[in-house]
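These notes are about the structure you will find just below.
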Amino acid sequence: MHNLAPYAVTEVTSRGRQHHEVRPTGRSEFQRDRDRIIHSTAFRRLEYKTQVFVNHEGDLFRTRLTHSLEVAQIGRSIARNLHLNEDLVEAISLAHDLGHTPFGHAGQDALNTCMKTHGGFEHNLQSLRVVDQLEDHYGAFDGLNLCFETREGILKHCSLKNARTLGEVGERFLNNQRPSLEAQIANLADEIAYNNHDVDDGLRSGLVTLEQISTVRLFAQHLAVARQTYPAISERRLIHETIRRMIHTLVTDLIHETEKNIAAHAIQSLHEVRTAPPLAAFSAAVHELNQELKAFLRTHLYRHFRVMRMSAKARRIIGDLFQVFMEDSRLLPPHFQPQAEIDCPRAVADYIAGMTDRYAIKEHRRLFAVEEE
Ligand code: MG
């Protein structure tokens with residue numbers, strides 16, 4: 001890693017790992033974090049967890065795994081341009097959804113409702129729980145023992161109540177400080193990735209039509225350019241040519257605006273990044289276009305009746321599973337039972353959150369359908 005900005009996170013200034021380890025050879029500390037994330041069980045499960053569409057609805061839609069890879073790609077490009085720590089952005093990006101429940105946001109909301117009187121369920125906090133405690137592969141510690149800066153980036157949001165219980169990684173929420181620029185970039189790369197791939201998946205599924213999405217300025221502008229450049233191409237290619245231009249616009253705007261903010265606040269150190277207002281941002285004009293796109297997706301895709309049906313089904317499956325395990329924790333797989341004796345609701349939430357879409361459906365069938373064993 002060379003040519004880093006003075007305010008980038010480096011291994012030298014890193015606050016390190018919770019359990020002391022010998023420095024890695026042949027790779028950096030943050031590359032080691034990335035490698036551990038990729039080799040984790042939770043990472044492999046992302047392949048079968050939903051973004052918007054349930055995993056079995058089609059093979060071409062994004063899953064949380066391909067989403068996380070897109071976030072990492074976008075995040076790295078931005079980080080490279082801003083002379084930030086690419087490896088850290090990559091590690092945060094790949095880990096950011098590790099704690100996601102099955103069935104996307106519907107699943108998260110359902111589990112949060114179930115956990116309401118038991119401390120709640122936040123997927124960011126669960127991602128941190130996965131890398132801090134739940135992965136069980138290492139001899140010397142629970143979790144992956146990641147660097148502070150990676151953990152801080154994973155914990156994008158957090159309630160003040162929870163922040164008080166998290167030690168150093170919760171401090172910034174209590175002190176009203178910002179995370180590193182690398183974390184800020186990973187967060188916005190997430191947003192760029194999902195808005196754009198949801199447009200693509202929405203169109204591919206037929207839930208959204210080209211005519212409908214053409215009312216969104218960001219899409220319409222780039223569609224016009226793509227059409228002008230390639231008047232005779234198929235609709236499939238036209239959509240891709242439009243979306244790649246949208247991503248390019250958002251990425252370059254984010255880079256320029258962030259550079260401007262860094263200069264305006266005369267940022268010279270990581271400490272100044274933490275105490276300044278958020279520095280990674282879109283320009284006002286692009287922010288507005290992006291908000292318009294998000295509003296469109298909310299109305300036309302996330303609230304489409306077919307997506308709503310899937311969400312309702314997800315709520316029912318998660319609600320049923322939660323109830324059945326709470327009533328009799330002996331139904332949990334054996335390795336969840338020691339924890340169930342200490343905190344039953346949390347053990348049940350951990351088990352359910354770790355499920356893939358299809359595993360949750362199967363487990364529901366195993367517990368509720370009389371013809372199954
Ligand atoms: Mg995400």
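Going by the structure tokens order, chains are called A, B, ..., each with residues numbered from 1, while ligands are numbered from 1 in the order shown.
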
Task: Surrounding residues as a ChimeraX atom specification, ligand 1, max 8 Å, only C-alpha atoms and all ligand atoms - done: /A:64,67-68,71,96-97,190-191,193-194

- [ ] Run DSSP on the backbone of this structure and report the residues of segment 43-192 of chain A it assigns to helix (DSSP H, G or I), as a VMD selection string.
- [x] chain A and resid 43 to 48 55 to 57 64 to 81 86 to 95 104 to 114 116 to 118 123 to 134 148 to 154 160 to 163 167 to 175 181 to 192

TODO: Just the residues within 8 Å of segment 123-125 of chain A, please, counting only C-alpha atoms, with nothing from its chain fewer than 2 positions along; format it as an NGL selection string.
DONE: :A and (96-97 or 99-101 or 108 or 121 or 127-129 or 154-158)

Take the residues just selected and output them with N, CA and C atoms as a short mmCIF file (atom, residue, chain, number, x, y, z; two decimals), in the first residue's frame.
data_model
loop_
_atom_site.label_atom_id
_atom_site.label_comp_id
_atom_site.auth_asym_id
_atom_site.auth_seq_id
_atom_site.Cartn_x
_atom_site.Cartn_y
_atom_site.Cartn_z
N HIS A 96 -20.10 -6.11 5.63
CA HIS A 96 -21.15 -5.22 6.14
C HIS A 96 -22.51 -5.90 6.29
N ASP A 97 -22.77 -6.95 5.52
CA ASP A 97 -24.08 -7.61 5.59
C ASP A 97 -24.04 -8.99 6.25
N GLY A 99 -24.44 -9.97 9.12
CA GLY A 99 -25.45 -10.22 10.15
C GLY A 99 -26.87 -10.16 9.63
N HIS A 100 -27.01 -10.06 8.30
CA HIS A 100 -28.36 -9.92 7.78
C HIS A 100 -29.16 -11.20 7.92
N THR A 101 -30.43 -11.04 8.25
CA THR A 101 -31.35 -12.16 8.39
C THR A 101 -31.68 -12.72 7.01
N GLN A 108 -35.40 -8.72 8.62
CA GLN A 108 -34.82 -7.89 9.69
C GLN A 108 -35.92 -7.26 10.54
N PHE A 121 -33.34 -6.22 17.61
CA PHE A 121 -32.41 -6.83 16.66
C PHE A 121 -32.02 -5.80 15.62
N SER A 127 -24.00 -8.00 12.49
CA SER A 127 -22.78 -8.22 11.69
C SER A 127 -21.56 -8.16 12.60
N LEU A 128 -21.56 -7.20 13.52
CA LEU A 128 -20.45 -7.08 14.47
C LEU A 128 -20.41 -8.30 15.39
N ARG A 129 -21.57 -8.75 15.81
CA ARG A 129 -21.66 -9.94 16.67
C ARG A 129 -21.10 -11.18 15.96
N ILE A 154 -18.00 -1.77 10.22
CA ILE A 154 -19.14 -2.70 10.14
C ILE A 154 -20.32 -2.14 10.93
N LEU A 155 -20.03 -1.50 12.05
CA LEU A 155 -21.09 -0.95 12.89
C LEU A 155 -21.50 0.44 12.37
N LYS A 156 -22.27 0.39 11.30
CA LYS A 156 -22.65 1.62 10.60
C LYS A 156 -23.55 2.49 11.46
N HIS A 157 -24.58 1.88 11.99
CA HIS A 157 -25.52 2.58 12.88
C HIS A 157 -25.61 1.80 14.16
N CYS A 158 -26.04 2.48 15.19
CA CYS A 158 -26.20 1.79 16.46
C CYS A 158 -26.97 2.70 17.39
#

Open item on the list: Can you tell me which residues surround Thr356 of chain A at a distance of at most 7 Å, considering only C-alpha atoms, apart from same-chain residues fewer than 2 positions away, and format the answer as a ChimeraX atom specification?
Closed with: /A:45,48-49,102,354,358-360

Open item on the list: With only C-alpha atoms as the counted atoms, please give the residues lying no more than 12 Å from segment 111-116 of chain A, apart from itself and same-chain residues fewer than 5 positions off, as a PyMOL selection string.
Closed with: chain A and resi 100-106+121-123+125-126+314-326+343-354

- [ ] With a distance cut-off of 10 Å and only C-alpha atoms, select the neighbouring residues of Glu21 of chain A, excluding the residue or stretch itself and same-chain residues fewer than 4 positions from it, and output the selection as a list of chain:residue names.
- [x]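 Contacts, in chain order: A:Gly16, A:Arg17, A:Ala140, A:Asn145.
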
Using all heavy atoms, can you export the residues from the last selection as a PDB file, in the first residue's frame?
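Contents of part-v9.pdb, freshly written:
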ATOM      1  N   GLY A  16      -5.665  -1.712  16.442  1.00  0.00           N
ATOM      2  CA  GLY A  16      -5.333  -3.136  16.594  1.00  0.00           C
ATOM      3  C   GLY A  16      -6.489  -4.072  16.880  1.00  0.00           C
ATOM      4  O   GLY A  16      -7.652  -3.711  16.711  1.00  0.00           O
ATOM      5  N   ARG A  17      -6.123  -5.277  17.311  1.00  0.00           N
ATOM      6  CA  ARG A  17      -7.101  -6.340  17.544  1.00  0.00           C
ATOM      7  C   ARG A  17      -7.345  -6.524  19.032  1.00  0.00           C
ATOM      8  O   ARG A  17      -6.481  -6.219  19.841  1.00  0.00           O
ATOM      9  CB  ARG A  17      -6.573  -7.659  16.954  1.00  0.00           C
ATOM     10  CG  ARG A  17      -6.253  -7.562  15.484  1.00  0.00           C
ATOM     11  CD  ARG A  17      -5.643  -8.832  14.936  1.00  0.00           C
ATOM     12  NE  ARG A  17      -5.146  -8.593  13.581  1.00  0.00           N
ATOM     13  CZ  ARG A  17      -5.919  -8.644  12.497  1.00  0.00           C
ATOM     14  NH1 ARG A  17      -7.188  -8.972  12.604  1.00  0.00           N
ATOM     15  NH2 ARG A  17      -5.419  -8.380  11.311  1.00  0.00           N
ATOM     16  N   ALA A 140      -7.757 -19.565  19.473  1.00  0.00           N
ATOM     17  CA  ALA A 140      -7.426 -18.653  20.566  1.00  0.00           C
ATOM     18  C   ALA A 140      -8.535 -17.672  20.934  1.00  0.00           C
ATOM     19  O   ALA A 140      -8.449 -16.978  21.942  1.00  0.00           O
ATOM     20  CB  ALA A 140      -6.161 -17.874  20.192  1.00  0.00           C
ATOM     21  N   ASN A 145     -11.598 -11.844  15.401  1.00  0.00           N
ATOM     22  CA  ASN A 145     -10.564 -10.964  15.979  1.00  0.00           C
ATOM     23  C   ASN A 145     -10.085  -9.937  14.951  1.00  0.00           C
ATOM     24  O   ASN A 145      -8.889  -9.835  14.671  1.00  0.00           O
ATOM     25  CB  ASN A 145      -9.390 -11.798  16.511  1.00  0.00           C
ATOM     26  CG  ASN A 145      -8.501 -10.982  17.440  1.00  0.00           C
ATOM     27  OD1 ASN A 145      -8.962 -10.081  18.136  1.00  0.00           O
ATOM     28  ND2 ASN A 145      -7.209 -11.280  17.437  1.00  0.00           N
TER      29      ASN A 145
END
